[in-house]
Every structure is written in C-alpha cells, then in structure tokens.
>>> print(open('structure-v3.pdb').read())   # PDB, C-alpha atoms and all ligand atoms
ATOM      1  CA  MET A   1     -49.719  79.015  -1.054
ATOM      2  CA  ARG A   2     -49.748  81.649  -3.822
ATOM      3  CA  LEU A   3     -52.272  81.031  -6.572
ATOM      4  CA  ASP A   4     -49.677  81.273  -9.377
ATOM      5  CA  LYS A   5     -47.458  78.741  -7.586
ATOM      6  CA  PHE A   6     -50.428  76.406  -7.094
ATOM      7  CA  LEU A   7     -51.098  76.560 -10.836
ATOM      8  CA  SER A   8     -47.482  76.114 -11.921
ATOM      9  CA  ASP A   9     -47.090  73.140  -9.551
ATOM     10  CA  THR A  10     -49.566  71.283 -11.756
ATOM     11  CA  GLY A  11     -46.782  71.151 -14.370
ATOM     12  CA  LYS A  12     -49.194  72.442 -17.030
ATOM     13  CA  LEU A  13     -48.084  76.084 -16.843
ATOM     14  CA  SER A  14     -44.854  77.866 -16.052
ATOM     15  CA  ARG A  15     -45.027  80.421 -13.219
ATOM     16  CA  LYS A  16     -45.128  83.231 -15.813
ATOM     17  CA  GLU A  17     -47.956  81.606 -17.775
ATOM     18  CA  ALA A  18     -49.843  80.950 -14.536
ATOM     19  CA  SER A  19     -49.551  84.590 -13.531
ATOM     20  CA  ALA A  20     -50.745  85.750 -16.966
ATOM     21  CA  ALA A  21     -53.692  83.325 -16.901
ATOM     22  CA  VAL A  22     -54.806  84.685 -13.524
ATOM     23  CA  LYS A  23     -54.484  88.314 -14.664
ATOM     24  CA  ARG A  24     -56.607  87.542 -17.731
ATOM     25  CA  GLY A  25     -59.417  86.190 -15.549
ATOM     26  CA  ARG A  26     -59.064  82.570 -16.695
ATOM     27  CA  VAL A  27     -58.887  81.304 -13.103
ATOM     28  CA  THR A  28     -61.568  81.007 -10.444
ATOM     29  CA  VAL A  29     -61.181  80.175  -6.763
ATOM     30  CA  ASP A  30     -64.235  78.828  -4.916
ATOM     31  CA  GLY A  31     -66.460  80.001  -7.746
ATOM     32  CA  SER A  32     -65.203  83.592  -8.153
ATOM     33  CA  ALA A  33     -62.766  84.944 -10.730
ATOM     34  CA  VAL A  34     -59.513  86.033  -9.081
ATOM     35  CA  ARG A  35     -57.096  88.351 -10.874
ATOM     36  CA  ASP A  36     -54.323  88.531  -8.293
ATOM     37  CA  PRO A  37     -51.603  85.899  -8.898
ATOM     38  CA  ALA A  38     -50.252  86.493  -5.384
ATOM     39  CA  LYS A  39     -53.543  85.620  -3.695
ATOM     40  CA  HIS A  40     -53.005  83.010  -0.978
ATOM     41  CA  ILE A  41     -55.118  79.882  -1.111
ATOM     42  CA  ASP A  42     -55.235  76.660   0.871
ATOM     43  CA  PRO A  43     -54.122  74.027  -1.690
ATOM     44  CA  ASP A  44     -55.957  71.248   0.126
ATOM     45  CA  THR A  45     -59.378  72.893   0.271
ATOM     46  CA  ALA A  46     -59.619  75.608  -2.447
ATOM     47  CA  ALA A  47     -61.708  74.721  -5.526
ATOM     48  CA  VAL A  48     -59.650  76.144  -8.401
ATOM     49  CA  THR A  49     -60.563  76.142 -12.095
ATOM     50  CA  LEU A  50     -58.544  77.129 -15.160
ATOM     51  CA  ASP A  51     -60.625  77.854 -18.267
ATOM     52  CA  GLY A  52     -63.533  76.166 -16.509
ATOM     53  CA  GLU A  53     -61.608  72.950 -15.725
ATOM     54  CA  CYS A  54     -61.056  71.842 -12.124
ATOM     55  CA  ILE A  55     -57.420  71.792 -11.063
ATOM     56  CA  THR A  56     -56.432  69.391  -8.344
ATOM     57  CA  PHE A  57     -53.335  70.110  -6.314
ATOM     58  CA  LYS A  58     -50.389  67.856  -6.939
ATOM     59  CA  ARG A  59     -48.318  67.777  -3.817
ATOM     60  CA  PHE A  60     -45.588  65.722  -5.469
ATOM     61  CA  THR A  61     -44.206  65.210  -8.965
ATOM     62  CA  TYR A  62     -43.451  61.753 -10.375
ATOM     63  CA  ILE A  63     -41.547  61.412 -13.638
ATOM     64  CA  LEU A  64     -40.689  58.323 -15.635
ATOM     65  CA  LEU A  65     -37.451  58.932 -17.532
ATOM     66  CA  GLU A  66     -36.129  56.637 -20.239
ATOM     67  CA  LYS A  67     -32.546  56.928 -19.048
ATOM     68  CA  PRO A  68     -30.053  57.079 -21.894
ATOM     69  CA  GLU A  69     -26.441  55.899 -21.714
ATOM     70  CA  GLY A  70     -23.868  58.473 -20.676
ATOM     71  CA  TYR A  71     -25.855  60.207 -17.914
ATOM     72  CA  ILE A  72     -25.335  59.923 -14.166
ATOM     73  CA  SER A  73     -28.282  59.406 -11.784
ATOM     74  CA  SER A  74     -27.517  62.374  -9.605
ATOM     75  CA  THR A  75     -28.728  65.912  -8.965
ATOM     76  CA  GLU A  76     -25.189  67.324  -9.073
ATOM     77  CA  GLY A  77     -22.328  66.697 -11.468
ATOM     78  CA  GLY A  78     -22.423  69.019 -14.447
ATOM     79  CA  ASP A  79     -24.285  68.749 -17.724
ATOM     80  CA  ARG A  80     -24.565  64.983 -17.900
ATOM     81  CA  THR A  81     -26.881  64.364 -14.953
ATOM     82  CA  VAL A  82     -30.324  62.892 -15.621
ATOM     83  CA  MET A  83     -31.845  66.087 -14.178
ATOM     84  CA  LYS A  84     -30.518  68.024 -17.169
ATOM     85  CA  LEU A  85     -32.874  66.020 -19.401
ATOM     86  CA  LEU A  86     -35.915  67.704 -17.795
ATOM     87  CA  PRO A  87     -37.189  71.155 -18.809
ATOM     88  CA  PRO A  88     -36.131  74.151 -16.663
ATOM     89  CA  GLU A  89     -39.526  74.534 -14.939
ATOM     90  CA  TYR A  90     -38.772  71.302 -13.060
ATOM     91  CA  SER A  91     -35.440  72.520 -11.745
ATOM     92  CA  LYS A  92     -36.791  74.263  -8.633
ATOM     93  CA  LYS A  93     -39.045  71.466  -7.448
ATOM     94  CA  GLY A  94     -36.433  69.579  -5.433
ATOM     95  CA  LEU A  95     -36.648  66.526  -7.678
ATOM     96  CA  PHE A  96     -34.136  63.701  -7.409
ATOM     97  CA  PRO A  97     -33.615  60.295  -9.031
ATOM     98  CA  CYS A  98     -35.144  57.466  -7.000
ATOM     99  CA  GLY A  99     -32.096  55.228  -6.728
ATOM    100  CA  ARG A 100     -29.137  55.024  -9.044
ATOM    101  CA  LEU A 101     -28.490  53.497 -12.399
ATOM    102  CA  ASP A 102     -24.878  53.383 -13.601
ATOM    103  CA  ARG A 103     -23.809  55.813 -16.310
ATOM    104  CA  ASP A 104     -23.967  53.054 -18.946
ATOM    105  CA  THR A 105     -27.263  51.524 -17.702
ATOM    106  CA  THR A 106     -30.431  52.478 -19.589
ATOM    107  CA  GLY A 107     -34.168  52.193 -18.949
ATOM    108  CA  VAL A 108     -36.760  53.005 -16.318
ATOM    109  CA  LEU A 109     -35.760  55.728 -13.865
ATOM    110  CA  LEU A 110     -38.243  57.335 -11.500
ATOM    111  CA  ILE A 111     -37.574  60.981 -10.665
ATOM    112  CA  THR A 112     -39.619  62.523  -7.868
ATOM    113  CA  ASP A 113     -39.694  64.991  -4.978
ATOM    114  CA  ASP A 114     -41.565  62.514  -2.757
ATOM    115  CA  GLY A 115     -38.914  61.477  -0.240
ATOM    116  CA  GLU A 116     -41.111  59.067   1.693
ATOM    117  CA  MET A 117     -42.157  57.230  -1.450
ATOM    118  CA  ALA A 118     -38.547  56.998  -2.686
ATOM    119  CA  HIS A 119     -37.354  55.707   0.657
ATOM    120  CA  MET A 120     -40.028  53.023   0.821
ATOM    121  CA  LEU A 121     -39.490  51.926  -2.801
ATOM    122  CA  LEU A 122     -35.746  51.574  -2.322
ATOM    123  CA  SER A 123     -35.647  50.005   1.130
ATOM    124  CA  PRO A 124     -34.667  46.319   0.810
ATOM    125  CA  LYS A 125     -37.145  45.633   3.643
ATOM    126  CA  HIS A 126     -40.061  46.339   1.307
ATOM    127  CA  HIS A 127     -38.958  43.868  -1.391
ATOM    128  CA  VAL A 128     -40.017  46.097  -4.291
ATOM    129  CA  SER A 129     -38.676  44.297  -7.348
ATOM    130  CA  LYS A 130     -36.525  45.791 -10.085
ATOM    131  CA  ILE A 131     -36.073  43.829 -13.307
ATOM    132  CA  TYR A 132     -33.006  44.241 -15.506
ATOM    133  CA  ARG A 133     -32.351  42.880 -18.975
ATOM    134  CA  PHE A 134     -28.670  42.073 -19.523
ATOM    135  CA  THR A 135     -26.209  40.783 -22.069
ATOM    136  CA  LEU A 136     -22.954  39.082 -21.054
ATOM    137  CA  THR A 137     -19.486  38.580 -22.574
ATOM    138  CA  VAL A 138     -19.497  34.790 -22.095
ATOM    139  CA  PRO A 139     -22.318  32.378 -21.150
ATOM    140  CA  ALA A 140     -23.120  32.137 -17.438
ATOM    141  CA  PRO A 141     -22.221  28.804 -15.794
ATOM    142  CA  ALA A 142     -24.935  26.196 -15.215
ATOM    143  CA  ASP A 143     -25.077  26.770 -11.441
ATOM    144  CA  THR A 144     -25.731  30.539 -11.695
ATOM    145  CA  GLU A 145     -29.498  30.284 -11.097
ATOM    146  CA  GLU A 146     -28.918  28.284  -7.924
ATOM    147  CA  LYS A 147     -26.175  30.616  -6.670
ATOM    148  CA  PHE A 148     -28.308  33.730  -7.244
ATOM    149  CA  ARG A 149     -31.401  32.082  -5.728
ATOM    150  CA  SER A 150     -29.563  31.196  -2.533
ATOM    151  CA  GLY A 151     -27.993  34.671  -2.168
ATOM    152  CA  ILE A 152     -24.547  35.106  -3.674
ATOM    153  CA  THR A 153     -21.755  36.962  -1.853
ATOM    154  CA  ILE A 154     -20.105  39.876  -3.683
ATOM    155  CA  GLY A 155     -17.004  41.242  -1.971
ATOM    156  CA  ASP A 156     -17.992  41.105   1.673
ATOM    157  CA  GLU A 157     -21.696  41.680   1.010
ATOM    158  CA  GLU A 158     -24.342  38.984   0.914
ATOM    159  CA  CYS A 159     -27.070  39.560  -1.677
ATOM    160  CA  ALA A 160     -30.706  38.778  -1.046
ATOM    161  CA  PRO A 161     -32.029  35.828  -3.082
ATOM    162  CA  SER A 162     -32.748  36.806  -6.690
ATOM    163  CA  GLU A 163     -34.254  35.146  -9.740
ATOM    164  CA  VAL A 164     -32.440  35.015 -13.066
ATOM    165  CA  VAL A 165     -33.887  33.666 -16.308
ATOM    166  CA  PHE A 166     -31.484  33.137 -19.213
ATOM    167  CA  ASP A 167     -32.162  33.101 -22.912
ATOM    168  CA  GLU A 168     -31.054  29.931 -24.694
ATOM    169  CA  ASP A 169     -27.459  31.123 -25.231
ATOM    170  CA  ARG A 170     -27.066  31.939 -21.491
ATOM    171  CA  LYS A 171     -25.430  35.211 -22.594
ATOM    172  CA  SER A 172     -28.575  37.297 -22.090
ATOM    173  CA  GLY A 173     -31.728  37.277 -19.993
ATOM    174  CA  GLU A 174     -33.539  38.987 -17.133
ATOM    175  CA  ILE A 175     -32.726  39.270 -13.463
ATOM    176  CA  THR A 176     -35.073  40.402 -10.679
ATOM    177  CA  LEU A 177     -33.584  42.132  -7.635
ATOM    178  CA  THR A 178     -35.290  43.438  -4.513
ATOM    179  CA  GLU A 179     -32.358  45.604  -3.389
ATOM    180  CA  GLY A 180     -29.858  47.956  -4.978
ATOM    181  CA  LYS A 181     -26.285  47.439  -3.889
ATOM    182  CA  PHE A 182     -23.554  49.372  -5.720
ATOM    183  CA  HIS A 183     -23.067  47.906  -9.249
ATOM    184  CA  GLN A 184     -25.016  44.903  -8.001
ATOM    185  CA  VAL A 185     -25.908  43.123 -11.232
ATOM    186  CA  LYS A 186     -22.423  43.613 -12.667
ATOM    187  CA  ARG A 187     -20.760  42.342  -9.489
ATOM    188  CA  MET A 188     -23.090  39.333  -9.258
ATOM    189  CA  PHE A 189     -22.180  38.219 -12.771
ATOM    190  CA  ASN A 190     -18.486  38.882 -12.116
ATOM    191  CA  ALA A 191     -18.774  36.577  -9.106
ATOM    192  CA  VAL A 192     -19.801  33.672 -11.376
ATOM    193  CA  GLY A 193     -17.073  34.338 -13.961
ATOM    194  CA  THR A 194     -18.744  36.411 -16.645
ATOM    195  CA  GLU A 195     -19.220  40.124 -17.314
ATOM    196  CA  VAL A 196     -22.127  42.412 -18.136
ATOM    197  CA  VAL A 197     -21.944  44.081 -21.557
ATOM    198  CA  THR A 198     -25.282  45.910 -21.542
ATOM    199  CA  LEU A 199     -27.766  46.506 -18.759
ATOM    200  CA  ARG A 200     -31.262  47.918 -19.026
ATOM    201  CA  ARG A 201     -33.884  48.302 -16.307
ATOM    202  CA  VAL A 202     -37.199  47.210 -17.780
ATOM    203  CA  ARG A 203     -39.323  47.400 -14.645
ATOM    204  CA  PHE A 204     -39.218  49.299 -11.364
ATOM    205  CA  GLY A 205     -41.846  47.926  -8.967
ATOM    206  CA  PRO A 206     -45.142  48.278 -10.847
ATOM    207  CA  LEU A 207     -43.647  50.670 -13.442
ATOM    208  CA  ASN A 208     -42.928  49.022 -16.767
ATOM    209  CA  GLU A 209     -40.620  50.509 -19.370
ATOM    210  CA  ASP A 210     -42.501  52.827 -21.726
ATOM    211  CA  THR A 211     -41.428  51.800 -25.202
ATOM    212  CA  THR A 212     -42.989  54.937 -26.702
ATOM    213  CA  LEU A 213     -40.256  57.022 -25.022
ATOM    214  CA  SER A 214     -36.953  57.437 -26.863
ATOM    215  CA  PRO A 215     -33.701  57.578 -24.849
ATOM    216  CA  GLY A 216     -33.721  60.800 -22.817
ATOM    217  CA  GLU A 217     -37.493  61.307 -23.101
ATOM    218  CA  TRP A 218     -39.762  61.426 -20.071
ATOM    219  CA  ARG A 219     -43.372  61.795 -19.018
ATOM    220  CA  GLU A 220     -45.238  62.366 -15.777
ATOM    221  CA  LEU A 221     -46.856  59.297 -14.247
ATOM    222  CA  THR A 222     -50.601  58.856 -14.474
ATOM    223  CA  GLU A 223     -52.661  58.889 -11.269
ATOM    224  CA  ASP A 224     -53.095  55.119 -11.547
ATOM    225  CA  GLU A 225     -49.341  54.630 -11.813
ATOM    226  CA  VAL A 226     -48.725  56.825  -8.746
ATOM    227  CA  GLN A 227     -51.308  54.796  -6.824
ATOM    228  CA  ALA A 228     -49.658  51.540  -7.937
ATOM    229  CA  LEU A 229     -46.296  52.854  -6.697
ATOM    230  CA  ALA A 230     -47.843  53.856  -3.363
ATOM    231  CA  ASP A 231     -49.372  50.384  -3.047
ATOM    232  CA  ALA A 232     -46.008  48.758  -3.810
ATOM    233  CA  ALA A 233     -44.331  51.040  -1.266
ATOM    234  CA  LYS A 234     -47.139  50.313   1.245
ATOM    235  CA  ILE A 235     -47.888  53.972   1.889
ATOM    236  CA  GLU A 236     -51.196  55.845   1.944
ATOM    237  CA  ARG A 237     -51.664  58.273  -0.958
TER
HETATM  238  N1  LIG B 301     -26.814  46.890 -11.140
HETATM  239  C1  LIG B 301     -25.725  47.383 -11.756
HETATM  240  O1  LIG B 301     -24.677  46.765 -11.781
HETATM  241  N2  LIG B 301     -25.830  48.590 -12.344
HETATM  242  C2  LIG B 301     -26.972  49.306 -12.390
HETATM  243  O2  LIG B 301     -26.999  50.396 -12.969
HETATM  244  C3  LIG B 301     -28.090  48.772 -11.758
HETATM  245  C4  LIG B 301     -27.999  47.565 -11.127
END
>>> encode(input="structure-v3.pdb", output="structure tokens", more="lines below")
Ligand code: URA
Amino acid sequence: MRLDKFLSDTGKLSRKEASAAVKRGRVTVDGSAVRDPAKHIDPDTAAVTLDGECITFKRFTYILLEKPEGYISSTEGGDRTVMKLLPPEYSKKGLFPCGRLDRDTTGVLLITDDGEMAHMLLSPKHHVSKIYRFTLTVPAPADTEEKFRSGITIGDEECAPSEVVFDEDRKSGEITLTEGKFHQVKRMFNAVGTEVVTLRRVRFGPLNEDTTLSPGEWRELTEDEVQALADAAKIER
C-alpha cells in the first residue's frame, strides 16, 4: 500500500495532507525518514510514525452517526442520504450504513466498510439487540407485552420474541428487537391497534446513543467500542 494512502486511511489526514507531510519529512517508516509519498509499505508490519507518534493501520472505519429525520439510510439516492452527512474524504472508502432506519427515524446508526461485521451484527441468528424509544398515537392495549413476547405476526411474517416496556401512559416506552424486518416497530404497533408517532434508536448492540452529538453529527468509534461490537458480533478483531 502507498504510504500516503496508509496515512490518509487513519482518517486524521486527507490524501493531500498526507502527501505533504511525507514530503516535509514528518513521517518515518521502520525508523528512517521517508520523503516519497508513493513508497509502498506493508500496512500490517511497517512501523510508521507521524511527528514522532506511532500510527497503527486501521483496516476498517466505524462511524457512529446521530441520524437526523429526513435522511435515508442508503448509499445512493441524491442529497438526502446519510452518507452526505460525512465529509468528502470518507466518500471513497466504500462505507455503507449498517442496516436501515426509516427516513423519519432518528438515533444511533453505524456506518462502516466492514462487511463481515455488518453482516454478523444484522443477522437475526446472532441476536444482537437494538433498542428503540417510541411514542404512539393512542395507548397500547394491555395484552401488547404478551403478544410481543410470544412473537407477533405482521402481514405474513412472524417476529422473533421482543420485550416492550411502556411508560405509565402506555403511549411511549422502549422496545428491544433482535432482528430488523422492514418497518418492523411501526408494523408491530399497527398490529395491536395503535400507531408510531416518533421512533428513535437509542442502542445498537453495545453502542449507546451519544447525547453529545447533535442531529447529523458523527464521530469515529473508539477502539474499545469497536472491540465491543466485534464481541457482540462474535468475530475476532
Ligand atoms: N422499525 C421501524 O419501523 N422503523 C425503523 O426505522 C426501525 C425499526
């Protein structure tokens, strides 16, 4: 891999900045200053420093986006896709949203280029939980908890058992799902005679909502968060 690409893949520098840093002698490889941005290095074994600090290779990128209303969870579809909320240097990394939230759903959305991780986190077989906070038009009937716990049928699809906890008015609360059928939460509440007004994902596996992020803001995950995701997905990282 080219040295400037290695550096820009860290997310700290654009490709142009990486190239300039190398030319100015701010980068060493295996202990020697290298001034050629096109130099090929082995990302897994080369010891690279920038301004004296060790740089470890990040094979994948993991972003936590605070999804705002009005954006679709897709890589294609014009100006209102969640990908348009990220800066341009992320556009060539092959990132994609891990699962879908509806246009009007807000909250935790993982964006990554790690296909294996995404697959494992989304597969219903792995039971990774997703927690949504909802508000409803009218209170949910008294037997809703039981119906959701035993696996309600929506259309011709049977849902896996899920836990719902209502606030006192039974018009709001939290529901935990381990799968992601199309419009699942909305269709589950429709099936018991009420309707979702607002829906917000507050947790995706081990990833909690980050209340310091405003709608549309994002940050890269910490190493501990990536490890927690890998543990939840039962993959080695
Ligand atoms: N269930 C829904 O109905 N919509 C979402 O966006 C997520 C889960």
>>> resolve_selection(input="structure-v3.pdb", expression="the PyMOL selection byres (((chain A and resi 99-107) around 10) and not hetatm)", output="ChimeraX atom specification")
/A:64-74,80-82,96-98,108-111,118-119,121-122,132-134,180-183,197-204,208-211,213-216
>>> axis_aligned_box(input="structure-v3.pdb", around="ligand LIG 301 (chain B)", padding_each_side="5 Å", output="AutoDock Vina command-line options")
--center_x -26.4 --center_y 48.6 --center_z -12.0 --size_x 13.4 --size_y 13.6 --size_z 11.8
>>> resolve_selection(input="structure-v3.pdb", expression="the PyMOL selection byres (((chain A and resi 176) around 12) and not hetatm)", output="number ranges by chain")
A: 127-134, 145, 148-149, 160-166, 173-175, 177-180, 184-185, 200-205
>>> resolve_selection(input="structure-v3.pdb", expression="the PyMOL selection byres (((chain A and resi 92) around 12) and not hetatm)", output="ChimeraX atom specification")
/A:5,8-9,11,14-15,61,75,83,86-91,93-96,113
>>> residues_around(input="structure-v3.pdb", residues="Val27 (chain A)", least_positions_apart="4", cutoff="12 Å", atoms="only C-alpha atoms", output="PDB file with C-alpha atoms, in the coordinates of the input")
ATOM      1  CA  LEU A   3     -52.272  81.031  -6.572  1.00  0.00           C
ATOM      2  CA  ASP A   4     -49.677  81.273  -9.377  1.00  0.00           C
ATOM      3  CA  PHE A   6     -50.428  76.406  -7.094  1.00  0.00           C
ATOM      4  CA  LEU A   7     -51.098  76.560 -10.836  1.00  0.00           C
ATOM      5  CA  GLU A  17     -47.956  81.606 -17.775  1.00  0.00           C
ATOM      6  CA  ALA A  18     -49.843  80.950 -14.536  1.00  0.00           C
ATOM      7  CA  SER A  19     -49.551  84.590 -13.531  1.00  0.00           C
ATOM      8  CA  ALA A  20     -50.745  85.750 -16.966  1.00  0.00           C
ATOM      9  CA  ALA A  21     -53.692  83.325 -16.901  1.00  0.00           C
ATOM     10  CA  VAL A  22     -54.806  84.685 -13.524  1.00  0.00           C
ATOM     11  CA  LYS A  23     -54.484  88.314 -14.664  1.00  0.00           C
ATOM     12  CA  GLY A  31     -66.460  80.001  -7.746  1.00  0.00           C
ATOM     13  CA  SER A  32     -65.203  83.592  -8.153  1.00  0.00           C
ATOM     14  CA  ALA A  33     -62.766  84.944 -10.730  1.00  0.00           C
ATOM     15  CA  VAL A  34     -59.513  86.033  -9.081  1.00  0.00           C
ATOM     16  CA  ARG A  35     -57.096  88.351 -10.874  1.00  0.00           C
ATOM     17  CA  ASP A  36     -54.323  88.531  -8.293  1.00  0.00           C
ATOM     18  CA  PRO A  37     -51.603  85.899  -8.898  1.00  0.00           C
ATOM     19  CA  LYS A  39     -53.543  85.620  -3.695  1.00  0.00           C
ATOM     20  CA  ALA A  47     -61.708  74.721  -5.526  1.00  0.00           C
ATOM     21  CA  VAL A  48     -59.650  76.144  -8.401  1.00  0.00           C
ATOM     22  CA  THR A  49     -60.563  76.142 -12.095  1.00  0.00           C
ATOM     23  CA  LEU A  50     -58.544  77.129 -15.160  1.00  0.00           C
ATOM     24  CA  ASP A  51     -60.625  77.854 -18.267  1.00  0.00           C
ATOM     25  CA  GLY A  52     -63.533  76.166 -16.509  1.00  0.00           C
ATOM     26  CA  GLU A  53     -61.608  72.950 -15.725  1.00  0.00           C
ATOM     27  CA  CYS A  54     -61.056  71.842 -12.124  1.00  0.00           C
ATOM     28  CA  ILE A  55     -57.420  71.792 -11.063  1.00  0.00           C
TER      29      ILE A  55
END
>>> closest_residue(input="structure-v3.pdb", among="A:Gly78, A:Gly193, A:Pro206, A:Pro43", to="Arg59 (chain A)", atoms="all atoms listed in the file")
A:Pro43
>>> closest_residue(input="structure-v3.pdb", among="A:Asp231, A:Asp224, A:Val196, A:Lys186", to="ligand LIG 301 (chain B)", atoms="all atoms listed in the file")
A:Lys186
>>> atom_distance(input="structure-v3.pdb", atom1="atom C2 of ligand LIG 301 (chain B)", atom2="CA of Asn190 (chain A)")
13.4 Å
>>> closest_residue(input="structure-v3.pdb", among="A:Thr135, A:Glu168, A:Ala233, A:Val226", to="ligand LIG 301 (chain B)", atoms="all atoms listed in the file")
A:Thr135
>>> atom_distance(input="structure-v3.pdb", atom1="CA of Leu136 (chain A)", atom2="CA of Met188 (chain A)")
11.8 Å
>>> atom_distance(input="structure-v3.pdb", atom1="CA of Glu217 (chain A)", atom2="CA of Ile63 (chain A)")
10.3 Å
>>> closest_residue(input="structure-v3.pdb", among="A:Ala232, A:Cys159, A:Leu207, A:Leu221", to="ligand LIG 301 (chain B)", atoms="all atoms listed in the file")
A:Cys159
>>> closest_residue(input="structure-v3.pdb", among="A:Thr153, A:Phe189, A:Glu116, A:Leu229", to="Pro139 (chain A)", atoms="only C-alpha atoms")
A:Phe189
>>> build_atoms(input="structure-v3.pdb", residues="region 90-98 of chain A", atoms="all heavy atoms", output="short mmCIF file (atom, residue, chain, number, x, y, z; two decimals), keeping the file's coordinate frame")
data_model
loop_
_atom_site.label_atom_id
_atom_site.label_comp_id
_atom_site.auth_asym_id
_atom_site.auth_seq_id
_atom_site.Cartn_x
_atom_site.Cartn_y
_atom_site.Cartn_z
N TYR A 90 -38.85 72.34 -14.09
CA TYR A 90 -38.77 71.30 -13.06
C TYR A 90 -37.58 71.50 -12.11
O TYR A 90 -37.45 70.80 -11.13
CB TYR A 90 -38.65 69.92 -13.71
CG TYR A 90 -39.96 69.42 -14.27
CD1 TYR A 90 -40.28 69.58 -15.61
CD2 TYR A 90 -40.89 68.79 -13.46
CE1 TYR A 90 -41.48 69.13 -16.13
CE2 TYR A 90 -42.10 68.34 -13.96
CZ TYR A 90 -42.39 68.52 -15.29
OH TYR A 90 -43.58 68.08 -15.79
N SER A 91 -36.70 72.46 -12.47
CA SER A 91 -35.44 72.52 -11.74
C SER A 91 -35.59 73.01 -10.30
O SER A 91 -34.74 72.74 -9.48
CB SER A 91 -34.43 73.38 -12.50
OG SER A 91 -34.90 74.70 -12.51
N LYS A 92 -36.69 73.72 -10.00
CA LYS A 92 -36.79 74.26 -8.63
C LYS A 92 -37.69 73.42 -7.74
O LYS A 92 -38.07 73.82 -6.67
CB LYS A 92 -37.35 75.68 -8.70
CG LYS A 92 -36.37 76.64 -9.34
CD LYS A 92 -36.52 78.05 -8.76
CE LYS A 92 -35.69 79.04 -9.53
NZ LYS A 92 -36.42 79.62 -10.66
N LYS A 93 -38.08 72.25 -8.21
CA LYS A 93 -39.04 71.47 -7.45
C LYS A 93 -38.41 70.54 -6.41
O LYS A 93 -39.10 69.82 -5.72
CB LYS A 93 -39.87 70.60 -8.41
CG LYS A 93 -40.94 71.36 -9.16
CD LYS A 93 -41.71 70.40 -10.04
CE LYS A 93 -42.72 71.08 -10.90
NZ LYS A 93 -43.98 71.35 -10.20
N GLY A 94 -37.08 70.49 -6.38
CA GLY A 94 -36.43 69.58 -5.43
C GLY A 94 -36.54 68.13 -5.86
O GLY A 94 -36.61 67.22 -5.03
N LEU A 95 -36.56 67.90 -7.16
CA LEU A 95 -36.65 66.53 -7.68
C LEU A 95 -35.30 65.81 -7.56
O LEU A 95 -34.25 66.46 -7.60
CB LEU A 95 -37.06 66.55 -9.15
CG LEU A 95 -38.44 67.09 -9.47
CD1 LEU A 95 -38.58 67.34 -10.96
CD2 LEU A 95 -39.51 66.11 -9.00
N PHE A 96 -35.36 64.50 -7.46
CA PHE A 96 -34.14 63.70 -7.41
C PHE A 96 -34.43 62.32 -7.99
O PHE A 96 -35.59 61.88 -7.98
CB PHE A 96 -33.62 63.57 -5.96
CG PHE A 96 -34.65 62.99 -5.04
CD1 PHE A 96 -34.75 61.61 -4.87
CD2 PHE A 96 -35.54 63.81 -4.36
CE1 PHE A 96 -35.71 61.07 -4.04
CE2 PHE A 96 -36.51 63.27 -3.53
CZ PHE A 96 -36.59 61.90 -3.37
N PRO A 97 -33.39 61.65 -8.52
CA PRO A 97 -33.62 60.30 -9.03
C PRO A 97 -33.85 59.33 -7.89
O PRO A 97 -33.16 59.40 -6.86
CB PRO A 97 -32.31 59.95 -9.75
CG PRO A 97 -31.44 61.15 -9.67
CD PRO A 97 -32.00 62.09 -8.67
N CYS A 98 -34.83 58.45 -8.04
CA CYS A 98 -35.14 57.47 -7.00
C CYS A 98 -34.23 56.26 -7.22
O CYS A 98 -34.53 55.39 -8.02
CB CYS A 98 -36.62 57.11 -7.13
SG CYS A 98 -37.17 55.90 -5.94
#
